[in-house]
>>> print(open('upload16.pdb').read())   # PDB, C-alpha atoms
ATOM      1  CA  ARG F  50       5.754 -81.210   8.883
ATOM      2  CA  ILE F  51       6.496 -78.010   7.018
ATOM      3  CA  SER F  52       9.965 -77.255   5.856
ATOM      4  CA  VAL F  53      11.203 -73.744   5.085
ATOM      5  CA  SER F  54      14.401 -73.011   3.267
ATOM      6  CA  VAL F  55      16.100 -69.632   3.453
ATOM      7  CA  SER F  56      18.962 -68.781   1.179
ATOM      8  CA  PRO F  57      22.032 -67.219   2.796
ATOM      9  CA  SER F  58      22.013 -64.434   0.204
ATOM     10  CA  SER F  59      18.523 -63.221   1.246
ATOM     11  CA  VAL F  60      19.558 -63.161   4.904
ATOM     12  CA  ILE F  61      22.630 -61.116   4.086
ATOM     13  CA  GLN F  62      20.522 -58.730   1.954
ATOM     14  CA  GLU F  63      17.998 -58.178   4.779
ATOM     15  CA  GLU F  64      20.798 -57.529   7.286
ATOM     16  CA  THR F  65      22.362 -55.030   4.894
ATOM     17  CA  SER F  66      19.039 -53.169   4.440
ATOM     18  CA  VAL F  67      18.495 -52.917   8.182
ATOM     19  CA  ARG F  68      22.029 -51.719   8.743
ATOM     20  CA  MET F  69      21.741 -49.111   5.930
ATOM     21  CA  ALA F  70      18.473 -47.799   7.413
ATOM     22  CA  GLY F  71      20.198 -47.497  10.760
ATOM     23  CA  VAL F  72      23.100 -45.642   9.179
ATOM     24  CA  ASN F  73      20.767 -43.165   7.477
ATOM     25  CA  LEU F  74      19.027 -42.383  10.753
ATOM     26  CA  SER F  75      22.337 -42.174  12.543
ATOM     27  CA  ASP F  76      23.682 -39.780   9.909
ATOM     28  CA  LYS F  77      20.705 -37.441  10.322
ATOM     29  CA  MET F  78      21.025 -37.467  14.087
ATOM     30  CA  ALA F  79      24.759 -36.822  13.761
ATOM     31  CA  ASN F  80      24.092 -33.815  11.548
ATOM     32  CA  LEU F  81      21.676 -32.444  14.118
ATOM     33  CA  GLN F  82      24.169 -33.022  16.886
ATOM     34  CA  GLY F  83      26.777 -31.214  14.845
ATOM     35  CA  LEU F  84      24.496 -28.180  15.068
ATOM     36  CA  GLY F  85      24.315 -28.474  18.830
ATOM     37  CA  GLY F  86      22.617 -31.820  19.275
ATOM     38  CA  ALA F  87      19.045 -32.845  18.618
ATOM     39  CA  SER F  88      18.345 -33.016  22.309
ATOM     40  CA  ALA F  89      20.550 -30.164  23.534
ATOM     41  CA  ALA F  90      19.875 -27.387  20.993
ATOM     42  CA  ALA F  91      16.381 -28.369  19.958
ATOM     43  CA  PRO F  92      14.671 -30.723  22.393
ATOM     44  CA  ASN F  93      11.445 -30.662  20.407
ATOM     45  CA  LEU F  94      13.206 -31.536  17.149
ATOM     46  CA  HIS F  95      13.348 -35.250  16.451
ATOM     47  CA  LEU F  96      13.226 -37.849  13.733
ATOM     48  CA  THR F  97      10.181 -39.970  13.064
ATOM     49  CA  ALA F  98      10.343 -43.678  12.280
ATOM     50  CA  ASP F  99      10.396 -42.937   8.536
ATOM     51  CA  GLY F 100      13.325 -40.523   8.911
ATOM     52  CA  LYS F 101      11.435 -37.221   8.656
ATOM     53  CA  ILE F 102      12.297 -34.228  10.844
ATOM     54  CA  THR F 103       9.404 -32.762  12.834
ATOM     55  CA  THR F 104       9.070 -29.502  14.770
ATOM     56  CA  ALA F 105       6.183 -30.457  17.019
ATOM     57  CA  GLY F 106       5.698 -27.938  19.780
ATOM     58  CA  TRP F 107       7.661 -25.129  18.115
ATOM     59  CA  ILE F 108       6.444 -21.509  18.287
ATOM     60  CA  HIS F 109       4.995 -19.772  15.221
ATOM     61  CA  ALA F 110       6.077 -16.137  15.467
ATOM     62  CA  THR F 111       5.078 -13.054  13.484
ATOM     63  CA  ILE F 112       8.015 -10.631  13.219
ATOM     64  CA  THR F 113       7.571  -6.844  12.786
ATOM     65  CA  HIS F 114       9.992  -3.917  12.934
ATOM     66  CA  SER F 115       9.848  -0.398  14.377
ATOM     67  CA  ILE F 116      11.308   1.272  11.264
ATOM     68  CA  LEU F 117      11.076  -1.072   8.306
ATOM     69  CA  LYS F 118       7.794  -2.334   6.920
ATOM     70  CA  VAL F 119       8.703  -5.927   7.684
ATOM     71  CA  ARG F 120       6.214  -8.678   8.443
ATOM     72  CA  ALA F 121       7.672 -12.175   8.483
ATOM     73  CA  GLU F 122       6.325 -15.519   9.662
ATOM     74  CA  LYS F 123       8.914 -17.768  11.322
ATOM     75  CA  THR F 124       9.012 -20.904  13.496
ATOM     76  CA  TYR F 125      11.345 -21.086  16.503
ATOM     77  CA  ASP F 126      12.416 -23.613  19.100
ATOM     78  CA  PRO F 127      10.688 -22.693  22.383
ATOM     79  CA  GLU F 128      14.001 -23.238  24.218
ATOM     80  CA  ILE F 129      15.851 -20.572  22.242
ATOM     81  CA  THR F 130      17.035 -17.600  24.285
ATOM     82  CA  GLY F 131      16.492 -13.958  23.481
ATOM     83  CA  GLU F 132      20.188 -13.566  22.690
ATOM     84  CA  LYS F 133      20.160 -16.379  20.116
ATOM     85  CA  LEU F 134      16.861 -15.140  18.721
ATOM     86  CA  LYS F 135      18.353 -11.682  18.046
ATOM     87  CA  GLU F 136      21.098 -13.317  15.971
ATOM     88  CA  LYS F 137      18.466 -14.989  13.809
ATOM     89  CA  LEU F 138      16.343 -11.831  13.537
ATOM     90  CA  TYR F 139      19.391  -9.864  12.368
ATOM     91  CA  MET F 140      19.185 -11.740   9.053
ATOM     92  CA  ILE F 141      15.523 -10.716   8.700
ATOM     93  CA  VAL F 142      15.338  -7.076   9.801
ATOM     94  CA  GLY F 143      18.957  -5.899   9.489
ATOM     95  CA  THR F 144      19.186  -4.337  12.945
ATOM     96  CA  LYS F 145      22.309  -5.410  14.804
ATOM     97  CA  PRO F 146      21.575  -7.560  17.902
ATOM     98  CA  ALA F 147      23.290  -5.016  20.168
ATOM     99  CA  TYR F 148      20.680  -2.407  19.169
ATOM    100  CA  MET F 149      17.653  -4.684  19.377
ATOM    101  CA  LYS F 150      14.891  -4.611  21.941
ATOM    102  CA  LEU F 151      12.413  -7.462  21.571
ATOM    103  CA  GLU F 152       8.856  -6.579  22.537
ATOM    104  CA  LEU F 153       6.231  -9.243  22.965
ATOM    105  CA  ARG F 154       2.986  -7.948  21.452
ATOM    106  CA  SER F 155      -0.588  -9.191  21.771
ATOM    107  CA  THR F 156      -1.674 -11.558  19.002
ATOM    108  CA  GLU F 157      -5.074  -9.878  18.934
ATOM    109  CA  ASP F 158      -3.942  -6.234  19.207
ATOM    110  CA  GLU F 159      -0.453  -5.682  17.781
ATOM    111  CA  THR F 160      -0.218  -2.238  19.415
ATOM    112  CA  LYS F 161      -0.568  -3.754  22.891
ATOM    113  CA  ILE F 162       2.793  -4.539  24.545
ATOM    114  CA  ILE F 163       2.732  -7.597  26.815
ATOM    115  CA  GLY F 164       6.360  -7.539  27.870
ATOM    116  CA  GLU F 165       9.990  -7.653  26.781
ATOM    117  CA  ILE F 166      12.082 -10.709  25.902
ATOM    118  CA  GLY F 167      15.416 -10.670  27.797
ATOM    119  CA  ASP F 168      18.677 -11.991  26.408
ATOM    120  CA  LYS F 169      18.746 -14.943  28.830
ATOM    121  CA  GLN F 170      15.013 -15.573  28.711
ATOM    122  CA  LYS F 171      13.638 -18.538  26.779
ATOM    123  CA  LEU F 172      10.603 -18.231  24.519
ATOM    124  CA  SER F 173       8.936 -21.034  26.430
ATOM    125  CA  SER F 174       8.823 -18.765  29.512
ATOM    126  CA  CYS F 175       6.891 -16.058  27.611
ATOM    127  CA  PRO F 176       3.093 -15.888  27.263
ATOM    128  CA  ILE F 177       2.194 -17.950  24.212
ATOM    129  CA  GLY F 178      -1.124 -17.670  22.373
ATOM    130  CA  LYS F 179      -3.376 -20.507  21.327
ATOM    131  CA  GLY F 180      -1.859 -22.674  18.622
ATOM    132  CA  ASN F 181       1.680 -21.827  19.789
ATOM    133  CA  ILE F 182       1.580 -18.367  18.152
ATOM    134  CA  MET F 183       3.503 -15.273  19.210
ATOM    135  CA  ARG F 184       4.039 -11.732  17.923
ATOM    136  CA  ILE F 185       7.558 -10.309  18.306
ATOM    137  CA  HIS F 186       8.193  -6.629  17.563
ATOM    138  CA  VAL F 187      11.823  -5.608  17.008
ATOM    139  CA  VAL F 188      12.555  -2.085  18.271
ATOM    140  CA  ASP F 189      15.573  -0.530  16.546
ATOM    141  CA  GLN F 190      17.619   1.445  19.111
ATOM    142  CA  ASP F 191      20.510   2.241  16.793
ATOM    143  CA  PRO F 192      21.185   6.007  17.159
ATOM    144  CA  GLN F 193      22.542   6.080  13.586
ATOM    145  CA  LYS F 194      19.478   4.272  12.180
ATOM    146  CA  SER F 195      21.774   2.207   9.971
ATOM    147  CA  VAL F 196      18.918   0.150   8.500
ATOM    148  CA  LEU F 197      17.758   3.242   6.598
ATOM    149  CA  GLU F 198      20.844   2.921   4.418
ATOM    150  CA  PHE F 199      19.080   0.048   2.679
ATOM    151  CA  THR F 200      15.755   1.859   2.162
ATOM    152  CA  ASP F 201      16.571   5.567   1.638
ATOM    153  CA  VAL F 202      17.333   5.739  -2.110
ATOM    154  CA  SER F 203      18.222   9.434  -1.816
ATOM    155  CA  LYS F 204      21.537   8.343  -0.304
ATOM    156  CA  VAL F 205      22.369   6.134  -3.272
ATOM    157  CA  LYS F 206      24.790   7.708  -5.728
ATOM    158  CA  LYS F 207      23.154   7.821  -9.146
ATOM    159  CA  PHE F 208      24.709   7.687 -12.573
ATOM    160  CA  GLU F 209      23.973  10.847 -14.549
ATOM    161  CA  ILE F 210      24.651  11.771 -18.163
ATOM    162  CA  SER F 211      23.851  14.877 -20.181
ATOM    163  CA  ASP F 212      21.423  14.765 -23.111
ATOM    164  CA  GLU F 213      24.246  15.738 -25.462
ATOM    165  CA  ASN F 214      26.451  12.812 -24.408
ATOM    166  CA  TYR F 215      23.494  10.428 -24.369
ATOM    167  CA  ASP F 216      22.619  11.334 -27.961
ATOM    168  CA  LYS F 217      26.184  10.446 -29.005
ATOM    169  CA  ARG F 218      25.671   6.852 -27.858
ATOM    170  CA  ASN F 219      24.503   4.103 -30.167
ATOM    171  CA  ASN F 220      21.821   1.488 -29.452
ATOM    172  CA  THR F 221      19.979   3.681 -26.948
ATOM    173  CA  PHE F 222      16.237   3.524 -26.363
ATOM    174  CA  ARG F 223      15.861   7.140 -27.445
ATOM    175  CA  LYS F 224      17.267   6.403 -30.918
ATOM    176  CA  TRP F 225      15.233   3.228 -31.198
ATOM    177  CA  ALA F 226      12.047   5.087 -30.234
ATOM    178  CA  LYS F 227      12.675   7.806 -32.812
ATOM    179  CA  GLN F 228      13.036   5.203 -35.525
ATOM    180  CA  ASN F 229      10.288   2.772 -34.542
ATOM    181  CA  LEU F 230       7.749   4.787 -32.547
ATOM    182  CA  LYS F 231       7.736   8.003 -34.537
ATOM    183  CA  GLY F 232       4.254   7.382 -35.930
ATOM    184  CA  HIS F 233       2.942   6.318 -32.531
ATOM    185  CA  TYR F 234       4.127   9.480 -30.780
ATOM    186  CA  GLU F 235       2.891  11.691 -33.610
ATOM    187  CA  LYS F 236      -0.569  10.130 -33.300
ATOM    188  CA  LYS F 237      -0.580  10.641 -29.520
ATOM    189  CA  GLN F 238       0.465  14.252 -29.974
ATOM    190  CA  GLN F 239      -2.342  14.824 -32.476
ATOM    191  CA  GLU F 240      -4.858  13.308 -30.066
ATOM    192  CA  ARG F 241      -3.648  15.596 -27.259
ATOM    193  CA  GLU F 242      -3.883  18.641 -29.505
ATOM    194  CA  GLN F 243      -7.387  17.694 -30.636
ATOM    195  CA  LYS F 244      -8.510  17.170 -27.051
ATOM    196  CA  ALA F 245      -7.041  20.512 -25.979
ATOM    197  CA  GLU F 246      -8.780  22.260 -28.878
ATOM    198  CA  ALA F 247     -12.123  20.653 -27.988
ATOM    199  CA  GLU F 248     -11.737  21.693 -24.334
ATOM    200  CA  LYS F 249     -10.887  25.262 -25.404
ATOM    201  CA  LYS F 250     -13.979  25.480 -27.593
ATOM    202  CA  LEU F 251     -16.137  24.150 -24.745
ATOM    203  CA  GLU F 252     -14.651  26.659 -22.291
ATOM    204  CA  ASP F 253     -15.177  29.533 -24.750
ATOM    205  CA  LYS F 254     -18.820  28.527 -24.966
ATOM    206  CA  GLU F 255     -19.118  28.421 -21.173
ATOM    207  CA  LYS F 256     -17.609  31.918 -20.934
ATOM    208  CA  GLU F 257     -20.088  33.165 -23.504
ATOM    209  CA  VAL F 258     -23.019  31.766 -21.503
ATOM    210  CA  ALA F 259     -21.562  33.102 -18.261
ATOM    211  CA  GLY F 260     -21.405  36.607 -19.774
ATOM    212  CA  LYS F 261     -25.217  36.624 -19.973
ATOM    213  CA  ILE F 262     -25.734  35.612 -16.338
ATOM    214  CA  LYS F 263     -25.916  38.411 -13.749
ATOM    215  CA  VAL F 264     -25.584  38.242  -9.980
ATOM    216  CA  GLY F 265     -29.000  38.596  -8.311
ATOM    217  CA  GLU F 266     -30.984  36.944 -11.105
ATOM    218  CA  ARG F 267     -33.384  34.144 -10.346
ATOM    219  CA  CYS F 268     -32.449  30.836 -11.903
ATOM    220  CA  GLN F 269     -33.220  27.150 -12.129
ATOM    221  CA  LEU F 270     -30.872  24.180 -12.192
ATOM    222  CA  GLY F 271     -31.711  20.934 -13.907
ATOM    223  CA  SER F 272     -34.640  22.240 -15.930
ATOM    224  CA  ASN F 273     -34.720  19.036 -17.991
ATOM    225  CA  THR F 274     -34.697  16.759 -14.954
ATOM    226  CA  GLU F 275     -37.512  15.395 -12.809
ATOM    227  CA  PHE F 276     -36.541  17.521  -9.797
ATOM    228  CA  PRO F 277     -35.304  20.973 -10.870
ATOM    229  CA  ARG F 278     -33.935  23.295  -8.165
ATOM    230  CA  ARG F 279     -34.575  27.029  -8.004
ATOM    231  CA  GLY F 280     -32.388  29.694  -6.509
ATOM    232  CA  GLU F 281     -30.573  32.985  -6.933
ATOM    233  CA  VAL F 282     -27.299  33.693  -8.745
ATOM    234  CA  MET F 283     -24.737  34.851  -6.172
ATOM    235  CA  TYR F 284     -21.417  34.574  -7.994
ATOM    236  CA  VAL F 285     -20.037  34.333 -11.556
ATOM    237  CA  GLY F 286     -16.320  33.796 -12.147
ATOM    238  CA  VAL F 287     -13.396  31.495 -11.411
ATOM    239  CA  LEU F 288     -12.712  29.291  -8.389
ATOM    240  CA  ASN F 289      -9.326  28.784  -6.761
ATOM    241  CA  GLY F 290      -7.887  25.442  -7.785
ATOM    242  CA  LYS F 291     -10.683  24.766 -10.288
ATOM    243  CA  PRO F 292     -10.241  25.488 -14.009
ATOM    244  CA  GLY F 293     -12.934  27.251 -16.036
ATOM    245  CA  THR F 294     -15.791  29.606 -15.271
ATOM    246  CA  TRP F 295     -18.331  28.795 -12.555
ATOM    247  CA  VAL F 296     -21.638  30.079 -11.246
ATOM    248  CA  GLY F 297     -22.446  30.138  -7.540
ATOM    249  CA  VAL F 298     -26.127  29.672  -6.710
ATOM    250  CA  LYS F 299     -28.008  30.026  -3.425
ATOM    251  CA  LEU F 300     -30.762  27.404  -3.567
ATOM    252  CA  ASP F 301     -34.183  27.999  -2.050
ATOM    253  CA  GLU F 302     -34.033  24.588  -0.364
ATOM    254  CA  PRO F 303     -31.089  22.811   1.304
ATOM    255  CA  TYR F 304     -30.212  20.523  -1.580
ATOM    256  CA  GLY F 305     -26.759  21.995  -2.201
ATOM    257  CA  LYS F 306     -23.245  21.087  -1.101
ATOM    258  CA  ASN F 307     -21.921  24.091   0.838
ATOM    259  CA  ASN F 308     -22.627  27.519   2.357
ATOM    260  CA  GLY F 309     -21.030  29.544  -0.429
ATOM    261  CA  THR F 310     -17.500  28.473   0.491
ATOM    262  CA  PHE F 311     -15.171  26.451  -1.754
ATOM    263  CA  GLU F 312     -11.787  25.102  -0.638
ATOM    264  CA  GLY F 313     -11.781  27.386   2.401
ATOM    265  CA  LYS F 314     -12.589  30.594   0.499
ATOM    266  CA  GLU F 315     -15.988  32.289   0.832
ATOM    267  CA  TYR F 316     -17.552  33.480  -2.434
ATOM    268  CA  PHE F 317     -21.004  34.295  -1.057
ATOM    269  CA  LYS F 318     -23.072  33.734   2.075
ATOM    270  CA  CYS F 319     -25.991  31.362   2.479
ATOM    271  CA  MET F 320     -27.361  28.725   4.826
ATOM    272  CA  PRO F 321     -25.532  25.366   5.057
ATOM    273  CA  LYS F 322     -26.358  22.974   2.217
ATOM    274  CA  CYS F 323     -27.988  25.807   0.238
ATOM    275  CA  GLY F 324     -24.931  26.730  -1.808
ATOM    276  CA  VAL F 325     -23.732  25.088  -5.001
ATOM    277  CA  PHE F 326     -21.205  25.850  -7.750
ATOM    278  CA  THR F 327     -22.013  24.696 -11.261
ATOM    279  CA  ARG F 328     -21.063  25.337 -14.874
ATOM    280  CA  PRO F 329     -22.851  28.235 -16.660
ATOM    281  CA  SER F 330     -24.443  25.908 -19.226
ATOM    282  CA  ALA F 331     -26.335  24.172 -16.383
ATOM    283  CA  VAL F 332     -27.941  27.449 -15.201
ATOM    284  CA  GLU F 333     -31.187  28.751 -16.707
ATOM    285  CA  VAL F 334     -32.012  32.316 -15.704
ATOM    286  CA  GLY F 335     -35.504  33.750 -15.953
ATOM    287  CA  ASP F 336     -38.748  34.155 -14.075
ATOM    288  CA  PHE F 337     -38.342  31.479 -11.430
ATOM    289  CA  PRO F 338     -39.904  32.849  -8.230
ATOM    290  CA  GLU F 339     -39.388  31.046  -4.969
ATOM    291  CA  GLU F 340     -41.983  28.329  -4.608
ATOM    292  CA  ASP F 341     -44.343  28.358  -1.631
ATOM    293  CA  LEU F 342     -45.118  24.846  -0.494
ATOM    294  CA  PHE F 343     -48.288  26.004   1.274
ATOM    295  CA  ASP F 344     -49.832  27.209  -2.021
ATOM    296  CA  GLU F 345     -50.612  23.599  -2.914
ATOM    297  CA  LEU F 346     -52.519  22.965   0.338
TER
END
>>> encode(input="upload16.pdb", output="structure tokens")
Amino acid sequence: RISVSVSPSSVIQEETSVRMAGVNLSDKMANLQGLGGASAAAPNLHLTADGKITTAGWIHATITHSILKVRAEKTYDPEITGEKLKEKLYMIVGTKPAYMKLELRSTEDETKIIGEIGDKQKLSSCPIGKGNIMRIHVVDQDPQKSVLEFTDVSKVKKFEISDENYDKRNNTFRKWAKQNLKGHYEKKQQEREQKAEAEKKLEDKEKEVAGKIKVGERCQLGSNTEFPRRGEVMYVGVLNGKPGTWVGVKLDEPYGKNNGTFEGKEYFKCMPKCGVFTRPSAVEVGDFPEEDLFDEL
């Protein structure tokens, strides 16, 4: 015979724990019902045995907009109607529900329109992709384009102040910079001046070399390289939109970049890929006759 004794206090404690667990679950279900009911508003929303809320079977939607660069990932109850969905999307895209048109787009090609979601239509009645995914494109039909008020900064009134009044203020960044970054800005200014002086000297040298180059002279490019190119000088001067002095060369072989035209303007004529523009220092003029490939045979 085996005898087991159970204290009344342990029985009461167990009953209390079970009742408290039931209350917790009941409270969660009551909260859901207060939002429309777990079974009425969201039939696929339920509580597991451990009290966790699951959304099994819900639709994973990608939201885009016709005006704003919006791309949001949201999960929705498949039983939600288009009308209720617009109310939720209003908080995402800013377009008022009355001006919304919901287009159902392909999940593989977002430019392909599959159909339109009506106000009374449920998401569950729409074509749904594998893995319960859907792409919803919100078309803004507001004639006033009100959503642009939040993105067009040109419509925002800006605070302006004159330099004179700004200098009268204390604790401004301008005054702080003058006191603490004076040496830094002076150094930067010196570096800019030195760079400009070096570029001027280089350009003066290029002009000097260019003054010795005449149109019609034979020349060679890349004399110190493994594959020099020969040609004829066709132009010496400036190019529109390009600083400095340049030399236009018509190459004997099509190893160039153009036909004598630069940025839509023709400086000389030649066959395609036979024209090139280069700096004067890269051009060597002299006795460089056109090579005959058959002389080596």
>>> resolve_selection(input="upload16.pdb", expression="the PyMOL selection byres ((chain F and resi 189) around 8)", output="list in words")
His114, Ser115, Ile116, Thr144, Tyr148, Met149, Lys150, Val187, Val188, Gln190, Asp191 and Lys194 of chain F
>>> closest_residue(input="upload16.pdb", among="F:Ser203, F:Gln238, F:Thr156, F:Ser211", to="Gly178 of chain F", atoms="only C-alpha atoms")
F:Thr156
>>> residues_around(input="upload16.pdb", residues="Gly335 of chain F", least_positions_apart="5", cutoff="9 Å", atoms="all atoms listed in the file", output="PyMOL selection string")
chain F and resi 266-269
>>> write_last_selection(input="upload16.pdb", atoms="C-alpha atoms", output="PDB file, in the frame of the given file")
ATOM      1  CA  GLU F 266     -30.984  36.944 -11.105  1.00  0.00           C
ATOM      2  CA  ARG F 267     -33.384  34.144 -10.346  1.00  0.00           C
ATOM      3  CA  CYS F 268     -32.449  30.836 -11.903  1.00  0.00           C
ATOM      4  CA  GLN F 269     -33.220  27.150 -12.129  1.00  0.00           C
TER       5      GLN F 269
END
>>> resolve_selection(input="upload16.pdb", expression="the PyMOL selection byres ((chain F and resi 302) around 12)", output="VMD selection string")
chain F and resid 277 to 281 298 to 301 303 to 306 319 to 325 339 to 342
>>> atom_distance(input="upload16.pdb", atom1="atom CA of Thr200 of chain F", atom2="atom CA of Leu138 of chain F")
17.8 Å
>>> atom_distance(input="upload16.pdb", atom1="atom CA of Lys244 of chain F", atom2="atom CA of Trp295 of chain F")
21.0 Å
>>> atom_distance(input="upload16.pdb", atom1="atom CA of Leu288 of chain F", atom2="atom CA of Ala259 of chain F")
13.8 Å
>>> closest_residue(input="upload16.pdb", among="F:Lys207, F:His186, F:Lys133, F:Lys291", to="Val119 of chain F", atoms="only C-alpha atoms")
F:His186
>>> resolve_selection(input="upload16.pdb", expression="the PyMOL selection byres ((chain F and resi 318) around 7)", output="ChimeraX atom specification")
/F:308-309,317,319
>>> axis_aligned_box(input="upload16.pdb", around="segment 107-115 of chain F", padding_each_side="3 Å", output="lines of an AutoDock Vina configuration file")
center_x = 7.5
center_y = -12.8
center_z = 15.5
size_x = 11.0
size_y = 30.7
size_z = 11.5
>>> closest_residue(input="upload16.pdb", among="F:Gly131, F:Pro338, F:Gly180, F:Pro292", to="Trp107 of chain F", atoms="only C-alpha atoms")
F:Gly180
>>> closest_residue(input="upload16.pdb", among="F:Lys231, F:Gly167, F:Thr160, F:Val142", to="Thr130 of chain F", atoms="all atoms listed in the file")
F:Gly167
>>> residues_around(input="upload16.pdb", residues="Ser330 of chain F", least_positions_apart="3", cutoff="9 Å", atoms="all atoms listed in the file", output="list in words")
Lys254, Glu255, Val258, Ala259, Thr327 and Glu333 of chain F
>>> closest_residue(input="upload16.pdb", among="F:Phe326, F:Tyr284, F:Tyr234, F:Phe208", to="Gly260 of chain F", atoms="all atoms listed in the file")
F:Tyr284
>>> closest_residue(input="upload16.pdb", among="F:Glu246, F:Pro329, F:Ile210, F:Lys237", to="Gly271 of chain F", atoms="all atoms listed in the file")
F:Pro329
>>> residues_around(input="upload16.pdb", residues="Arg328 of chain F", least_positions_apart="3", cutoff="7 Å", atoms="all atoms listed in the file", output="PDB file with C-alpha atoms, keeping the file's coordinate frame")
ATOM      1  CA  THR F 294     -15.791  29.606 -15.271  1.00  0.00           C
ATOM      2  CA  TRP F 295     -18.331  28.795 -12.555  1.00  0.00           C
ATOM      3  CA  VAL F 296     -21.638  30.079 -11.246  1.00  0.00           C
ATOM      4  CA  ALA F 331     -26.335  24.172 -16.383  1.00  0.00           C
TER       5      ALA F 331
END
>>> residues_around(input="upload16.pdb", residues="Lys123 of chain F", least_positions_apart="3", cutoff="9 Å", atoms="all atoms listed in the file", output="number ranges by chain")
F: 108-112
